[in-house]
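*Asks:* Here it is: the structure, laid out below.
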Amino acid sequence: MPQRGPGFHRPPAYPNIPPALQRAHEFMELGNYAEAAAAFEKLALEAKNQLEPRAPFFYLQAGCARIHLRQVASGMTHLRHGLELFAASGHYHQLYRAGTRIVHELKARGLEKESQEISRLVHRHIPAISESPTQRGPEPGRRTPLATHCDFCGGPIHSDEMEWADATTATCPFCNSPVHLEE
(Lines give C-alpha, C1' and ligand atoms only; values in the text may rest on other atoms or scores of the structure.)
Protein backbone atom coordinates (compact mmCIF):
# COMPACT_ATOMS: atom_id res chain seq x y z
CA MET A 1 0.00 0.00 0.00
CA PRO A 2 1.54 3.36 -0.99
CA GLN A 3 2.11 5.61 1.96
CA ARG A 4 2.36 9.34 2.20
CA GLY A 5 4.23 9.39 5.48
CA PRO A 6 3.83 11.51 8.59
CA GLY A 7 2.90 15.11 8.25
CA PHE A 8 0.95 14.67 5.02
CA HIS A 9 -1.30 17.59 4.11
CA ARG A 10 -5.03 17.06 4.21
CA PRO A 11 -7.61 19.74 3.38
CA PRO A 12 -10.19 20.69 5.99
CA ALA A 13 -12.47 17.80 6.84
CA TYR A 14 -15.38 17.08 4.57
CA PRO A 15 -18.63 17.37 6.54
CA ASN A 16 -19.39 14.53 8.95
CA ILE A 17 -16.05 12.71 8.76
CA PRO A 18 -15.50 11.17 12.19
CA PRO A 19 -12.11 12.01 13.68
CA ALA A 20 -11.86 8.33 14.66
CA LEU A 21 -11.87 7.41 10.97
CA GLN A 22 -9.09 9.88 10.19
CA ARG A 23 -7.05 8.55 13.14
CA ALA A 24 -7.57 4.94 12.02
CA HIS A 25 -6.19 5.73 8.56
CA GLU A 26 -3.30 7.68 10.09
CA PHE A 27 -2.43 4.69 12.29
CA MET A 28 -2.31 2.50 9.16
CA GLU A 29 -0.07 4.95 7.33
CA LEU A 30 2.30 5.23 10.26
CA GLY A 31 2.54 1.45 10.59
CA ASN A 32 0.82 1.42 13.97
CA TYR A 33 -1.22 -1.62 12.99
CA ALA A 34 -2.36 -2.53 16.50
CA GLU A 35 -4.06 0.85 16.97
CA ALA A 36 -5.35 0.78 13.39
CA ALA A 37 -6.87 -2.68 13.86
CA ALA A 38 -8.61 -1.67 17.08
CA ALA A 39 -9.91 1.55 15.52
CA PHE A 40 -11.22 -0.15 12.36
CA GLU A 41 -12.79 -2.98 14.37
CA LYS A 42 -14.71 -0.42 16.41
CA LEU A 43 -15.73 1.52 13.29
CA ALA A 44 -16.80 -1.71 11.57
CA LEU A 45 -18.96 -2.86 14.46
CA GLU A 46 -20.63 0.54 14.79
CA ALA A 47 -21.26 0.74 11.04
CA LYS A 48 -22.63 -2.81 10.92
CA ASN A 49 -24.97 -2.13 13.86
CA GLN A 50 -26.24 1.00 12.08
CA LEU A 51 -26.56 -0.89 8.77
CA GLU A 52 -24.14 1.51 7.08
CA PRO A 53 -22.81 0.50 3.67
CA ARG A 54 -19.28 1.44 4.78
CA ALA A 55 -19.05 -1.51 7.20
CA PRO A 56 -17.41 -3.92 4.70
CA PHE A 57 -14.62 -1.43 3.99
CA PHE A 58 -13.91 -1.03 7.70
CA TYR A 59 -13.77 -4.81 8.16
CA LEU A 60 -11.35 -5.11 5.24
CA GLN A 61 -9.07 -2.46 6.76
CA ALA A 62 -9.23 -4.18 10.16
CA GLY A 63 -8.30 -7.44 8.45
CA CYS A 64 -5.41 -5.82 6.63
CA ALA A 65 -4.09 -4.37 9.89
CA ARG A 66 -4.32 -7.77 11.63
CA ILE A 67 -2.50 -9.44 8.73
CA HIS A 68 0.28 -6.82 9.05
CA LEU A 69 0.50 -7.79 12.73
CA ARG A 70 0.83 -11.46 11.69
CA GLN A 71 -2.47 -12.18 13.42
CA VAL A 72 -3.61 -14.10 10.38
CA ALA A 73 -6.60 -15.92 11.89
CA SER A 74 -8.28 -12.75 13.15
CA GLY A 75 -7.27 -10.90 9.99
CA MET A 76 -8.92 -13.56 7.85
CA THR A 77 -12.07 -13.40 9.97
CA HIS A 78 -12.37 -9.67 9.25
CA LEU A 79 -11.57 -10.08 5.55
CA ARG A 80 -14.19 -12.83 5.15
CA HIS A 81 -16.76 -10.80 7.07
CA GLY A 82 -16.21 -7.69 4.95
CA LEU A 83 -16.47 -9.63 1.71
CA GLU A 84 -19.58 -11.50 2.89
CA LEU A 85 -21.20 -8.16 3.74
CA PHE A 86 -20.64 -7.07 0.14
CA ALA A 87 -22.37 -10.25 -1.05
CA ALA A 88 -25.24 -9.91 1.41
CA SER A 89 -25.90 -6.35 0.26
CA GLY A 90 -25.73 -7.25 -3.43
CA HIS A 91 -22.47 -5.38 -4.08
CA TYR A 92 -21.01 -8.24 -6.11
CA HIS A 93 -18.69 -6.14 -8.23
CA GLN A 94 -17.11 -4.63 -5.11
CA LEU A 95 -16.86 -8.13 -3.65
CA TYR A 96 -15.10 -9.37 -6.77
CA ARG A 97 -12.70 -6.45 -7.13
CA ALA A 98 -11.78 -6.17 -3.45
CA GLY A 99 -11.54 -9.95 -3.16
CA THR A 100 -9.24 -10.16 -6.17
CA ARG A 101 -6.99 -7.45 -4.71
CA ILE A 102 -6.90 -9.23 -1.35
CA VAL A 103 -6.00 -12.55 -3.02
CA HIS A 104 -3.00 -10.88 -4.69
CA GLU A 105 -1.94 -9.16 -1.45
CA LEU A 106 -2.14 -12.41 0.53
CA LYS A 107 -0.12 -14.27 -2.11
CA ALA A 108 2.51 -11.51 -2.01
CA ARG A 109 2.81 -12.11 1.75
CA GLY A 110 3.27 -15.85 1.23
CA LEU A 111 -0.19 -16.67 2.59
CA GLU A 112 -1.15 -19.08 -0.19
CA LYS A 113 -3.72 -21.10 1.79
CA GLU A 114 -5.47 -17.91 2.89
CA SER A 115 -5.44 -16.46 -0.63
CA GLN A 116 -7.10 -19.64 -1.92
CA GLU A 117 -9.75 -19.38 0.79
CA ILE A 118 -10.61 -15.81 -0.23
CA SER A 119 -10.59 -16.81 -3.89
CA ARG A 120 -13.11 -19.59 -3.17
CA LEU A 121 -15.32 -17.16 -1.23
CA VAL A 122 -15.32 -14.70 -4.14
CA HIS A 123 -15.97 -17.38 -6.75
CA ARG A 124 -18.98 -18.73 -4.84
CA HIS A 125 -20.66 -15.42 -5.76
CA ILE A 126 -19.62 -15.19 -9.42
CA PRO A 127 -23.05 -16.17 -10.83
CA ALA A 128 -24.52 -13.27 -8.88
CA ILE A 129 -21.92 -10.92 -10.36
CA SER A 130 -23.11 -11.59 -13.90
CA GLU A 131 -26.71 -10.91 -12.89
CA SER A 132 -26.06 -7.64 -11.03
CA PRO A 133 -26.23 -4.21 -12.70
CA THR A 134 -22.96 -2.76 -13.90
CA GLN A 135 -21.30 0.08 -12.09
CA ARG A 136 -20.98 3.58 -13.56
CA GLY A 137 -17.59 5.08 -14.18
CA PRO A 138 -14.58 3.99 -16.19
CA GLU A 139 -14.60 0.63 -17.92
CA PRO A 140 -13.62 -2.23 -15.59
CA GLY A 141 -9.88 -2.77 -15.49
CA ARG A 142 -9.09 0.66 -16.93
CA ARG A 143 -6.66 2.49 -14.71
CA THR A 144 -7.81 5.96 -13.83
CA PRO A 145 -5.72 8.81 -12.49
CA LEU A 146 -7.10 8.96 -8.96
CA ALA A 147 -5.11 9.86 -5.91
CA THR A 148 -3.90 6.91 -3.86
CA HIS A 149 -5.64 8.21 -0.72
CA CYS A 150 -8.78 10.22 0.02
CA ASP A 151 -7.90 13.85 0.65
CA PHE A 152 -10.48 14.07 3.43
CA CYS A 153 -10.24 10.90 5.56
CA GLY A 154 -6.93 9.47 4.34
CA GLY A 155 -8.45 6.15 3.24
CA PRO A 156 -6.81 4.12 0.48
CA ILE A 157 -8.29 4.60 -2.98
CA HIS A 158 -8.55 1.71 -5.44
CA SER A 159 -10.17 3.12 -8.58
CA ASP A 160 -11.63 -0.19 -9.71
CA GLU A 161 -13.32 -0.69 -6.31
CA MET A 162 -14.91 2.76 -6.12
CA GLU A 163 -18.57 3.67 -6.51
CA TRP A 164 -18.75 6.21 -9.33
CA ALA A 165 -21.22 9.09 -9.30
CA ASP A 166 -20.40 9.74 -12.96
CA ALA A 167 -17.52 9.18 -15.39
CA THR A 168 -15.19 11.59 -13.55
CA THR A 169 -16.25 11.51 -9.89
CA ALA A 170 -16.04 8.61 -7.47
CA THR A 171 -17.08 8.42 -3.83
CA CYS A 172 -14.64 7.53 -1.06
CA PRO A 173 -15.87 4.23 0.40
CA PHE A 174 -14.85 5.28 3.90
CA CYS A 175 -16.22 8.83 4.24
CA ASN A 176 -18.40 9.36 1.15
CA SER A 177 -16.36 12.39 0.05
CA PRO A 178 -16.06 13.06 -3.66
CA VAL A 179 -12.86 11.89 -5.35
CA HIS A 180 -12.25 13.41 -8.76
CA LEU A 181 -10.13 12.19 -11.61
CA GLU A 182 -6.84 14.05 -11.67
CA GLU A 183 -6.20 16.12 -14.77
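Following the order of the C-alpha coordinates, chains are lettered A, B, ..., residues in each are numbered from 1, and ligands are numbered from 1.
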Can you pull out every residue within 7 Å of Phe58 (chain A), counting only C-alpha atoms, but drop anything in the same chain fewer than 6 positions away, and send it as a PyMOL selection string?

*Replies:* chain A and resi 40+43-44

*Asks:* Can I get the selection written as a PDB file, in the first residue's frame, with N, CA and C atoms?

*Replies:*
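Result went into result35.pdb, see below:
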ATOM      1  N   PHE A  40     -10.349   0.320  13.448  1.00  0.00           N
ATOM      2  CA  PHE A  40     -11.217  -0.152  12.362  1.00  0.00           C
ATOM      3  C   PHE A  40     -12.216  -1.192  12.845  1.00  0.00           C
ATOM      4  N   LEU A  43     -14.965   0.871  14.348  1.00  0.00           N
ATOM      5  CA  LEU A  43     -15.734   1.524  13.288  1.00  0.00           C
ATOM      6  C   LEU A  43     -16.608   0.506  12.543  1.00  0.00           C
ATOM      7  N   ALA A  44     -16.060  -0.680  12.293  1.00  0.00           N
ATOM      8  CA  ALA A  44     -16.803  -1.711  11.568  1.00  0.00           C
ATOM      9  C   ALA A  44     -18.031  -2.161  12.354  1.00  0.00           C
TER      10      ALA A  44
END

*Asks:* Residues near region 51-56 of chain A, anyone? I mean within 12 Å using only C-alpha atoms, not counting same-chain ones fewer than 3 positions away, as JSON, numbers by chain.

*Replies:* {"A": [21, 40, 41, 42, 43, 44, 45, 46, 47, 48, 59, 60, 61, 62, 63, 78, 79, 80, 81, 82, 83, 84, 85, 86, 87, 88, 89, 90, 91, 94, 95, 98, 99, 155, 162, 163, 171, 172, 173, 174, 175, 176]}
